[in-house]
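Structure record follows, encoded as structure tokens.
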Amino acid sequence: MRSLSFLSKMTIFGFLLSTLPVIFIGAFAFVTSSSEIQKNVNEGKMQLITQINSNVEQKLTTVNHTLNQVINSTVLKKAMDMPLTVNDFMMYDDLRSEIRYMQSFDTKLEDVILINARENWMIKNSGLYRYDSYPYYDKLMTLMNTQENSVWTLNPSKWFFTEENARSVTCEFSISLVKKLPTTGLEKYGLALANIPACSLQDLIQSDTEHLDDILIMDEQNRILMHPDASLIGKSITEAGLTDLKQLEAPMGQFSANINEKSYSVSFLRSNLNNWTYLSLTSIDSLTKESSKIGTYTIYVCVLMLLLSMILAWLGSRKMYSPIQLLLNQIGGLVTVNQRRKANEFQMISEHVHTLFQSKSQLEREVHQHIGQVRTFFLIKAFQGHIKQSELLEKLAQFGYNKHIEEWKTMSVITMQIDSIDNTRYEKRDIELLLFAVHNILEELIPSQQRLVPIIIDQTVVTLIGSADNEEAVFRNTVYALTEQMQQHIYSFLNLHVSIGMSLPIHAFSQMAIAYREGLEALKHRIKLGEGIIIQYENINSGKHYLNLNYPKPLENELIDAIKLAEKDKSKELLKQLLQAVFAAPLTPQEYQIPLARLLNNLLMVMQESGIGLNQIHPNKGSLFEELLNLHMTAEIEDWFWTEVIHPLIRIYRDRQDAQYHNISEKIIDLVQHYYDTDLTLEECASRLHYNANYLSSIFRKETNCSFSDYLSTYRFNMAKKWLSETDMPIKDISSKLRYNNSQNFIRSFRKQEGLTPGQYRDKKKEG
């Protein structure tokens with residue numbers, strides 16, 4: 001087939017193009033010199049140590065920031081003036097809590113030490129010590145004699161460990177952030193030290209890169225801080241074989257050096273944070289070996305790429321036709337045998353796509369019919385006043401009334417009802433069909449640019465007629481003549497009498513609901529005037545619009561909800577908005593009493609339904625309605641509602657709320673105390689107490705100032721200490737009862753909070 005031959009040609013051409021990259025890659029590999037390779041490697045090493053420097057500085061800055069928070073905390077400032085003893089347990093516990101939060105897996109921080117030489121105490125992970133009795137007292141005093149108030153130093157790890165846990169020291173040296181205390185004042189008599197094991201520097205940056213075997217870090221005294229050989233940490237860089245230190249005086253650079261009788265390319269970068277130097281050592285021999293292997297690798301790569309290109313070209317020729325074949329199989333039943341013979345695959349697909357577009361047009365016509373139904377529903381809600389004023393014009397524009405919105409200056413609502421079908425050829429069951437016929441006559445008689453689409457509401461045909469004329473008298477006469485013409489057409493076609501109500505002219509679409517009410521009010525006067533009449537609302541209401549009190553019911557509902565939830569500020573704001581909406585209506589002073597009395601009555605009903613007595617909010621025994629009617633200023637009315645009714649109700653609801661919250665919190669605490677040794681969750685508590693879990697969480701936090709999970713963990717931790725001190729229960733059994741996955745997790749958690757392992761804690765209690 002022609003289409004297949006075309007695809008085959010394109011496949012062969014693509015195969016030829018795919019071989020071009022193989023040629024270019026081979027040529028580039030052979031012309032690349034070893035010096036270029038070395039340059040690229042050095043640039044890569046410089047980028048690597050720059051990245052490592054940035055990441056290490058970020059971790060060190062985090063340690064510095066958290067240590068500053070500790071030394072500037074109120075607890076430490078208070079403790080610096082106290083001679084801490086074993087009796088000052090609360091102060092010691094607060095200090096331990098402060099420094100415990102600093103220790104995290106991310107920064108590798110192992111221990112935080114606080115020293116007060118003047119009051120002779122020292123605090124670290126293992127407990128509280130008398131400073132002058134500490135074995136390394138003299139060593140630590142040398143740190144207090146440094147010139148800087150804050151400095152990073154390399155110190156032996158044994159300085160910071162006492163005899164009972166010296167076995168846990170895994171690294172001989174620690175990198176210490178030393179800060180003199182207090183931070184303010186000239187006299188310095190204390191120290192704060194944050195210790196990071198030097199061995200953990202390699203772990204600290206292990207996630208940033210996989211190859212750290214040739215990366216070194218040294219401090220400003222040229223002592224090694226990080227080295228692949230951990231035994232060299234703390235020693236001079238010269239012991240690692242790098243003797244030419246003058247080359248390292250620049251902020252950054254690269255040079256060649258002989259290290260242990262081998263040639264190396266050295267890239268280095270000096271940190272601006274603490275004057276540490278980051279070095280990368282690359283063997284020149286390894287670079288030359290790599291360049292000699294490139295030729296061999298290139299041959300293998302070229303052969304492999306040629307084979308892959310051939311395989312892909314063969315597979316591509318089959319894959320490219322598979323979508324076309326799939327389409328042909330799907331539409332095969334929709335075309336005749338003659339069509340298959342006359343047209344190729346693409347022609348058949350094109351014809352079928354054309355059929356799909358025809359189906360799409362038919363579907364759009366059906367959707368357009370549904371849009372008409374949605375528009376009718378919208379107009380019903382608009383005439384009944386159920387559409388927000390802010391959305392009315394936007395919705396009208398969506399239904400294609402942009403031109404009406406722009407041009408109409410004067411409008412009027414026309415309401416039409418069939419008077420009676422008695423003594424006619426019609427029956428009562430025909431009333432719906434007759435209304436539909438009247439609706440169609442209106443659509444044909446009145447041009448669409450002069451009206452909205454007529455709709456039927458409660459056996460009344462309603463439409464809005466508009467004009468660009470500003471003269472109300474001219475517009476009124478035009479509409480009246482049009483209504484007479486409607487009556488004549490309906491009588492001549494249907495032999496029916498209809499009555500028509502006309503509203504007063506309006507000048508904004510937002511007045512549609514008022515005009516609709518005026519049209520209905522006008523039709524009510526058929527009782528006196530008889531059938532087949534046209535009634536203008538101005539003749540029955542002295543030319544004034546229908547009075548719409550416009551009571552803001554949605555705002556009242558929000559206000560009542562806010563009162564029940566004891567939301568004081570929100571209730572005050574909603575009261576202000578509600579009264580503004582009431583006084584915005586153009587009413588007389590006497591008419592304003594109606595919505596105000598309605599608001600007071602509804603508030604009293606809410607109070608009564610909640611079981612609140614009137615004497616609880618108004619003990620003076622007077623009439624609230626009489627007090628309200630004696631007020632004449634807006635500010636006085638708002639203040640009266642707030643002070644005499646709403647605020648007292650809020651206080652009562654808040655008292656009930658507090659009692660309920662306290663009761664719920666006590667029930668949660670009781671569940672924790674009875675089921676702490678099970679897999680208790682907040683969701684299970686919510687199920688037992690028949691409340692929403694999020695609701696219980698907010699109540700519990702409000703009452704206890706901590707989360708449910710924290711409270712449960714603390715209670716379990718206290719039970720663990722009780723069992724350790726009062727029983728001989730194995731640690732494994734304790735961890736199991738407290739729902740830990742394994743005993744190691746329990747031991748790790750206990751040590752983090754208490755500073756001791758469970759076994760050490762039990763021994764300490766037995767000794768005490």
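How things are named: the first chain in the structure tokens is A, the next is B, and so on; residues count from 1 in each chain; ligands count from 1 in the order shown.
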Item to check | Test item, alpha helix (DSSP H) assignment across stretch 52-229 of chain A, answer as JSON, numbers by chain | outcome: {"A": [52, 53, 54, 55, 56, 57, 58, 59, 60, 61, 62, 63, 64, 65, 66, 67, 68, 69, 70, 71, 74, 75, 76, 77, 78, 79, 89, 90, 91, 92, 93, 94, 95, 96, 97, 98, 99, 100, 137, 138, 139, 140, 141, 142, 143, 144, 200, 201, 202, 203, 204]}
Item to check | Residue neighbourhood A:Lys179, 8 Å, only C-alpha atoms, exclusion window fewer than 4 positions, as a count of residues only | outcome: 6
Checklist entry - How far is it from atom CA of A:Tyr516 to atom CA of A:Tyr426, in Å with one decimal? => result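 Result for atom CA of A:Tyr516 versus atom CA of A:Tyr426: 28.4 Å, one decimal.
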Checklist entry - Suppose you want the space between atom CA of A:Ala522 and atom CA of A:Met502; what is it in Å? => result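 Distance between the two atoms: 7.0 Å.
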Do you have, as JSON lines, the list of residues of stretch 498-525 of chain A lying at most 8 Å from stretch 402-424 of chain A, each with its nearest atom pair and that distance in Å to one decimal, counting only C-alpha atoms and ordered by chain then number?
{"residue": "A:Val498", "atom": "CA", "partner": "A:Ile418", "partner_atom": "CA", "distance": 4.5}
{"residue": "A:Ser499", "atom": "CA", "partner": "A:Gln417", "partner_atom": "CA", "distance": 5.6}
{"residue": "A:Ile500", "atom": "CA", "partner": "A:Met416", "partner_atom": "CA", "distance": 4.5}
{"residue": "A:Gly501", "atom": "CA", "partner": "A:Thr415", "partner_atom": "CA", "distance": 5.1}
{"residue": "A:Met502", "atom": "CA", "partner": "A:Ile414", "partner_atom": "CA", "distance": 5.0}
{"residue": "A:Ser503", "atom": "CA", "partner": "A:Val413", "partner_atom": "CA", "distance": 5.5}
{"residue": "A:Leu504", "atom": "CA", "partner": "A:Ser412", "partner_atom": "CA", "distance": 6.3}
{"residue": "A:Pro505", "atom": "CA", "partner": "A:Ser412", "partner_atom": "CA", "distance": 5.0}
{"residue": "A:Ile506", "atom": "CA", "partner": "A:Met411", "partner_atom": "CA", "distance": 5.2}
{"residue": "A:His507", "atom": "CA", "partner": "A:Thr410", "partner_atom": "CA", "distance": 4.9}
{"residue": "A:Ala508", "atom": "CA", "partner": "A:Lys409", "partner_atom": "CA", "distance": 7.6}
{"residue": "A:Met512", "atom": "CA", "partner": "A:Val413", "partner_atom": "CA", "distance": 7.3}
{"residue": "A:Ala515", "atom": "CA", "partner": "A:Val413", "partner_atom": "CA", "distance": 5.7}
{"residue": "A:Tyr516", "atom": "CA", "partner": "A:Val413", "partner_atom": "CA", "distance": 5.8}
{"residue": "A:Gly519", "atom": "CA", "partner": "A:Thr415", "partner_atom": "CA", "distance": 5.5}
{"residue": "A:Leu520", "atom": "CA", "partner": "A:Thr415", "partner_atom": "CA", "distance": 6.6}
{"residue": "A:Leu523", "atom": "CA", "partner": "A:Thr415", "partner_atom": "CA", "distance": 7.8}
Item to check | Which of stretch 454-595 of chain A DSSP labels strand (DSSP E), written as a PyMOL selection string | outcome: chain A and resi 455-457+460-467+498-502+534-536
Limited to all heavy atoms, could you put the picked residues into a file as a CSV table (one decimal), in the first residue's frame?
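Output (result_36.csv):
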chain,number,residue,atom,x,y,z
A,455,ILE,N,-41.3,33.4,31.2
A,455,ILE,CA,-41.3,32.2,31.9
A,455,ILE,C,-42.6,32.0,32.7
A,455,ILE,O,-43.4,33.0,32.7
A,455,ILE,CB,-40.1,32.2,33.0
A,455,ILE,CG1,-40.3,33.4,33.9
A,455,ILE,CG2,-38.8,32.2,32.3
A,455,ILE,CD1,-39.3,33.4,35.0
A,456,ILE,N,-42.9,30.8,33.1
A,456,ILE,CA,-44.1,30.5,33.8
A,456,ILE,C,-43.8,30.2,35.3
A,456,ILE,O,-43.0,29.3,35.6
A,456,ILE,CB,-44.8,29.3,33.2
A,456,ILE,CG1,-45.1,29.6,31.7
A,456,ILE,CG2,-46.1,29.0,34.0
A,456,ILE,CD1,-45.7,28.4,31.0
A,457,ILE,N,-44.4,31.0,36.2
A,457,ILE,CA,-44.2,30.8,37.7
A,457,ILE,C,-45.6,30.7,38.3
A,457,ILE,O,-46.3,31.7,38.3
A,457,ILE,CB,-43.4,32.0,38.3
A,457,ILE,CG1,-42.1,32.2,37.5
A,457,ILE,CG2,-43.1,31.7,39.8
A,457,ILE,CD1,-41.3,33.4,38.1
A,460,THR,N,-48.5,31.7,36.2
A,460,THR,CA,-48.4,33.1,35.8
A,460,THR,C,-47.3,33.3,34.8
A,460,THR,O,-46.2,32.8,35.1
A,460,THR,CB,-48.1,34.1,37.0
A,460,THR,OG1,-49.2,33.9,38.0
A,460,THR,CG2,-48.1,35.5,36.6
A,461,VAL,N,-47.6,33.9,33.7
A,461,VAL,CA,-46.6,34.1,32.6
A,461,VAL,C,-45.9,35.4,33.0
A,461,VAL,O,-46.6,36.5,33.1
A,461,VAL,CB,-47.2,34.1,31.2
A,461,VAL,CG1,-46.1,34.3,30.2
A,461,VAL,CG2,-47.9,32.8,30.9
A,462,VAL,N,-44.6,35.4,33.1
A,462,VAL,CA,-43.9,36.6,33.6
A,462,VAL,C,-42.8,36.9,32.6
A,462,VAL,O,-42.1,36.0,32.1
A,462,VAL,CB,-43.2,36.4,35.0
A,462,VAL,CG1,-42.6,37.7,35.5
A,462,VAL,CG2,-44.3,35.9,36.0
A,463,THR,N,-42.6,38.2,32.3
A,463,THR,CA,-41.4,38.7,31.5
A,463,THR,C,-41.1,40.1,31.9
A,463,THR,O,-41.9,40.8,32.5
A,463,THR,CB,-41.7,38.6,30.0
A,463,THR,OG1,-40.5,38.9,29.3
A,463,THR,CG2,-42.8,39.7,29.6
A,464,LEU,N,-39.8,40.5,31.6
A,464,LEU,CA,-39.3,41.8,31.8
A,464,LEU,C,-39.2,42.5,30.5
A,464,LEU,O,-38.5,42.0,29.6
A,464,LEU,CB,-38.0,41.7,32.5
A,464,LEU,CG,-37.3,43.1,32.9
A,464,LEU,CD1,-38.1,43.8,34.0
A,464,LEU,CD2,-35.9,42.9,33.3
A,465,ILE,N,-39.9,43.7,30.4
A,465,ILE,CA,-39.8,44.5,29.1
A,465,ILE,C,-38.9,45.7,29.4
A,465,ILE,O,-39.0,46.3,30.5
A,465,ILE,CB,-41.2,44.9,28.7
A,465,ILE,CG1,-42.0,43.7,28.4
A,465,ILE,CG2,-41.1,45.8,27.5
A,465,ILE,CD1,-43.5,44.0,28.0
A,466,GLY,N,-38.0,46.0,28.4
A,466,GLY,CA,-37.1,47.1,28.7
A,466,GLY,C,-37.0,48.0,27.4
A,466,GLY,O,-37.4,47.6,26.3
A,467,SER,N,-36.5,49.2,27.7
A,467,SER,CA,-36.3,50.2,26.6
A,467,SER,C,-35.2,51.1,26.9
A,467,SER,O,-34.8,51.3,28.1
A,467,SER,CB,-37.6,51.0,26.5
A,467,SER,OG,-37.4,52.1,25.6
A,498,VAL,N,-57.5,37.1,29.5
A,498,VAL,CA,-56.4,37.2,30.4
A,498,VAL,C,-56.3,38.5,31.1
A,498,VAL,O,-56.7,39.5,30.5
A,498,VAL,CB,-55.1,36.8,29.7
A,498,VAL,CG1,-55.1,35.4,29.2
A,498,VAL,CG2,-54.8,37.8,28.6
A,499,SER,N,-55.8,38.6,32.3
A,499,SER,CA,-55.6,39.8,33.0
A,499,SER,C,-54.1,40.0,33.1
A,499,SER,O,-53.3,39.1,33.3
A,499,SER,CB,-56.2,39.8,34.4
A,499,SER,OG,-57.6,39.8,34.3
A,500,ILE,N,-53.6,41.3,33.0
A,500,ILE,CA,-52.2,41.6,33.0
A,500,ILE,C,-51.9,42.6,34.1
A,500,ILE,O,-52.6,43.7,34.2
A,500,ILE,CB,-51.8,42.2,31.6
A,500,ILE,CG1,-52.1,41.2,30.5
A,500,ILE,CG2,-50.3,42.6,31.6
A,500,ILE,CD1,-51.8,41.7,29.1
A,501,GLY,N,-50.9,42.4,34.9
A,501,GLY,CA,-50.4,43.3,35.9
A,501,GLY,C,-49.1,43.9,35.4
A,501,GLY,O,-48.2,43.3,34.9
A,502,MET,N,-49.0,45.3,35.6
A,502,MET,CA,-47.8,46.0,35.2
A,502,MET,C,-47.2,46.6,36.5
A,502,MET,O,-47.8,47.3,37.3
A,502,MET,CB,-48.2,47.2,34.2
A,502,MET,CG,-48.5,46.7,32.8
A,502,MET,SD,-49.1,48.1,31.8
A,502,MET,CE,-47.9,49.3,32.1
A,534,ILE,N,-56.3,45.2,32.5
A,534,ILE,CA,-54.9,45.6,32.6
A,534,ILE,C,-54.7,46.5,33.8
A,534,ILE,O,-55.3,47.6,33.8
A,534,ILE,CB,-54.3,46.2,31.3
A,534,ILE,CG1,-54.5,45.3,30.1
A,534,ILE,CG2,-52.9,46.6,31.4
A,534,ILE,CD1,-54.2,45.9,28.8
A,535,ILE,N,-53.9,46.1,34.8
A,535,ILE,CA,-53.9,46.8,36.0
A,535,ILE,C,-52.4,47.3,36.2
A,535,ILE,O,-51.5,46.6,36.2
A,535,ILE,CB,-54.2,45.9,37.2
A,535,ILE,CG1,-55.5,45.1,37.0
A,535,ILE,CG2,-54.3,46.7,38.5
A,535,ILE,CD1,-55.7,44.0,37.9
A,536,GLN,N,-52.3,48.6,36.3
A,536,GLN,CA,-51.0,49.3,36.6
A,536,GLN,C,-50.8,49.5,38.1
A,536,GLN,O,-51.7,50.0,38.8
A,536,GLN,CB,-50.9,50.6,35.8
A,536,GLN,CG,-50.9,50.5,34.3
A,536,GLN,CD,-50.9,51.8,33.6
A,536,GLN,OE1,-51.7,52.7,34.0
A,536,GLN,NE2,-50.1,51.9,32.6
Item to check | Test item: residues at most 10 Å from stretch 89-100 of chain A, only C-alpha atoms, excluding those fewer than 4 positions along its chain, as a ChimeraX atom specification | outcome: /A:66-67,69-71,73,75-76,78-79,82,84-85,104,111-114,123-125,127-128,194,752-755
Checklist entry - Counting only C-alpha atoms, what is within 12 Å of A:Pro730, bar same-chain residues fewer than 3 positions away, as number ranges by chain? => result A: 720, 723-725, 727, 733-737, 743, 758-759, 762
Item to check | Residue neighbourhood stretch 623-640 of chain A, 12 Å, only C-alpha atoms, exclusion window fewer than 6 positions, as an NGL selection string | outcome: :A and (571-584 or 589-601 or 603-604 or 614-615 or 617 or 646-648)
Write the selection just made, keeping N, CA, C and O atoms, as a tab-separated table (two decimals), in the first residue's frame?
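The file below, selection.tsv, is the result:
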chain	number	residue	atom	x	y	z
A	571	SER	N	-19.30	37.67	66.36
A	571	SER	CA	-20.68	38.06	66.65
A	571	SER	C	-20.84	39.57	66.60
A	571	SER	O	-21.83	40.09	66.06
A	572	LYS	N	-19.89	40.30	67.15
A	572	LYS	CA	-19.97	41.76	67.15
A	572	LYS	C	-19.93	42.31	65.74
A	572	LYS	O	-20.68	43.23	65.40
A	573	GLU	N	-19.07	41.75	64.89
A	573	GLU	CA	-18.96	42.20	63.50
A	573	GLU	C	-20.24	41.88	62.73
A	573	GLU	O	-20.73	42.70	61.94
A	574	LEU	N	-20.80	40.68	62.93
A	574	LEU	CA	-22.03	40.30	62.22
A	574	LEU	C	-23.21	41.15	62.67
A	574	LEU	O	-24.08	41.50	61.85
A	575	LEU	N	-23.29	41.51	63.96
A	575	LEU	CA	-24.35	42.40	64.43
A	575	LEU	C	-24.27	43.75	63.73
A	575	LEU	O	-25.28	44.30	63.29
A	576	LYS	N	-23.06	44.25	63.60
A	576	LYS	CA	-22.86	45.53	62.92
A	576	LYS	C	-23.30	45.46	61.46
A	576	LYS	O	-24.01	46.34	60.96
A	577	GLN	N	-22.92	44.39	60.76
A	577	GLN	CA	-23.31	44.23	59.36
A	577	GLN	C	-24.83	44.09	59.22
A	577	GLN	O	-25.43	44.65	58.30
A	578	LEU	N	-25.46	43.33	60.14
A	578	LEU	CA	-26.90	43.12	60.05
A	578	LEU	C	-27.66	44.43	60.24
A	578	LEU	O	-28.58	44.74	59.47
A	579	LEU	N	-27.27	45.22	61.23
A	579	LEU	CA	-27.97	46.49	61.46
A	579	LEU	C	-27.71	47.47	60.32
A	579	LEU	O	-28.60	48.26	59.96
A	580	GLN	N	-26.52	47.44	59.73
A	580	GLN	CA	-26.26	48.30	58.57
A	580	GLN	C	-27.18	47.93	57.42
A	580	GLN	O	-27.69	48.81	56.71
A	581	ALA	N	-27.40	46.63	57.20
A	581	ALA	CA	-28.29	46.19	56.14
A	581	ALA	C	-29.73	46.61	56.42
A	581	ALA	O	-30.47	47.01	55.50
A	582	VAL	N	-30.15	46.55	57.69
A	582	VAL	CA	-31.52	46.95	58.04
A	582	VAL	C	-31.72	48.44	57.81
A	582	VAL	O	-32.70	48.88	57.18
A	583	PHE	N	-30.79	49.27	58.29
A	583	PHE	CA	-30.95	50.72	58.18
A	583	PHE	C	-30.64	51.23	56.78
A	583	PHE	O	-30.87	52.42	56.50
A	584	ALA	N	-30.12	50.37	55.89
A	584	ALA	CA	-29.88	50.81	54.51
A	584	ALA	C	-31.18	50.91	53.72
A	584	ALA	O	-31.24	51.59	52.70
A	589	PRO	N	-39.06	55.89	60.43
A	589	PRO	CA	-38.62	55.45	61.76
A	589	PRO	C	-39.52	54.38	62.36
A	589	PRO	O	-39.05	53.45	63.03
A	590	GLN	N	-40.83	54.46	62.14
A	590	GLN	CA	-41.74	53.46	62.68
A	590	GLN	C	-41.55	52.11	61.97
A	590	GLN	O	-41.64	51.05	62.59
A	591	GLU	N	-41.26	52.15	60.66
A	591	GLU	CA	-41.09	50.90	59.91
A	591	GLU	C	-39.80	50.18	60.30
A	591	GLU	O	-39.73	48.96	60.20
A	592	TYR	N	-38.79	50.92	60.76
A	592	TYR	CA	-37.55	50.28	61.21
A	592	TYR	C	-37.79	49.40	62.43
A	592	TYR	O	-37.02	48.47	62.71
A	593	GLN	N	-38.86	49.67	63.19
A	593	GLN	CA	-39.13	48.89	64.40
A	593	GLN	C	-39.46	47.43	64.07
A	593	GLN	O	-39.25	46.53	64.87
A	594	ILE	N	-39.99	47.21	62.82
A	594	ILE	CA	-40.40	45.85	62.45
A	594	ILE	C	-39.20	44.91	62.37
A	594	ILE	O	-39.17	43.87	63.04
A	595	PRO	N	-38.15	45.21	61.55
A	595	PRO	CA	-37.01	44.27	61.51
A	595	PRO	C	-36.25	44.20	62.84
A	595	PRO	O	-35.71	43.15	63.19
A	596	LEU	N	-36.19	45.32	63.61
A	596	LEU	CA	-35.50	45.28	64.89
A	596	LEU	C	-36.22	44.38	65.88
A	596	LEU	O	-35.59	43.60	66.62
A	597	ALA	N	-37.56	44.48	65.90
A	597	ALA	CA	-38.34	43.61	66.79
A	597	ALA	C	-38.22	42.15	66.35
A	597	ALA	O	-38.19	41.23	67.18
A	598	ARG	N	-38.14	41.96	65.02
A	598	ARG	CA	-37.97	40.59	64.51
A	598	ARG	C	-36.64	40.00	64.98
A	598	ARG	O	-36.58	38.84	65.40
A	599	LEU	N	-35.58	40.78	64.92
A	599	LEU	CA	-34.27	40.31	65.38
A	599	LEU	C	-34.31	39.96	66.86
A	599	LEU	O	-33.82	38.90	67.28
A	600	LEU	N	-34.89	40.85	67.67
A	600	LEU	CA	-34.96	40.59	69.11
A	600	LEU	C	-35.78	39.34	69.39
A	600	LEU	O	-35.41	38.50	70.22
A	601	ASN	N	-36.91	39.19	68.70
A	601	ASN	CA	-37.77	38.03	68.91
A	601	ASN	C	-37.03	36.73	68.57
A	601	ASN	O	-37.10	35.73	69.30
A	603	LEU	N	-33.78	36.20	68.57
A	603	LEU	CA	-32.74	35.95	69.58
A	603	LEU	C	-33.35	35.36	70.86
A	603	LEU	O	-32.76	34.46	71.47
A	604	LEU	N	-34.51	35.86	71.24
A	604	LEU	CA	-35.18	35.32	72.44
A	604	LEU	C	-35.64	33.89	72.22
A	604	LEU	O	-35.62	33.06	73.14
A	614	LEU	N	-34.89	34.13	80.86
A	614	LEU	CA	-34.77	35.54	80.56
A	614	LEU	C	-34.06	36.29	81.69
A	614	LEU	O	-33.30	37.24	81.45
A	615	ASN	N	-34.26	35.84	82.93
A	615	ASN	CA	-33.63	36.52	84.05
A	615	ASN	C	-32.11	36.32	84.08
A	615	ASN	O	-31.39	37.05	84.76
A	617	ILE	N	-30.15	36.80	81.48
A	617	ILE	CA	-29.53	37.86	80.68
A	617	ILE	C	-30.12	39.22	80.99
A	617	ILE	O	-29.52	40.25	80.68
A	646	ILE	N	-26.89	40.01	73.34
A	646	ILE	CA	-25.96	39.11	72.66
A	646	ILE	C	-24.77	38.74	73.55
A	646	ILE	O	-24.42	37.57	73.68
A	647	HIS	N	-24.11	39.74	74.15
A	647	HIS	CA	-22.94	39.44	74.98
A	647	HIS	C	-23.29	38.56	76.18
A	647	HIS	O	-22.54	37.61	76.50
A	648	PRO	N	-24.41	38.81	76.89
A	648	PRO	CA	-24.78	37.87	77.97
A	648	PRO	C	-25.01	36.45	77.47
A	648	PRO	O	-24.64	35.48	78.14
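If you count only C-alpha atoms and ignore residues fewer than 3 places along the chain from stretch 42-57 of chain A, what sits within 9 Å of it is Ile37, Gln38, Lys39, Leu60, Thr61, Thr62, Leu201, Leu204, Ile205, Asp208, Thr209, Ile215, Gly253, Gln254, Ser265, Val266, Ser267, Phe268, Leu269, Arg270, Ser271, Leu273, Asn274, Thr277, Tyr278, Leu279, Ser280, Leu281 and Thr282 of chain A.
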Item to check | Distance of atom CA of A:Tyr480 from atom CA of A:Gln384, expressed in Å to one decimal place | outcome: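 Pair atom CA of A:Gln384 / atom CA of A:Tyr480 returns 23.6 Å.
Nearest-residue note for A:Ser510: choosing from A:Thr478, A:Ser390, A:Gln362, A:Thr184, the minimum distance belongs to A:Ser390, counting only C-alpha atoms.
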Item to check | Best match for closeness to A:His674 among A:Leu435, A:Arg716, A:Glu119, A:Gln147, counting only C-alpha atoms | outcome: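 Closest residue, counting only C-alpha atoms: A:Arg716.
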Checklist outcome for this item: Shortest contact to A:Leu225, candidates A:Ile612, A:Ile237, A:Val86, A:Ala481, atoms counted only C-alpha atoms, goes to A:Ile237
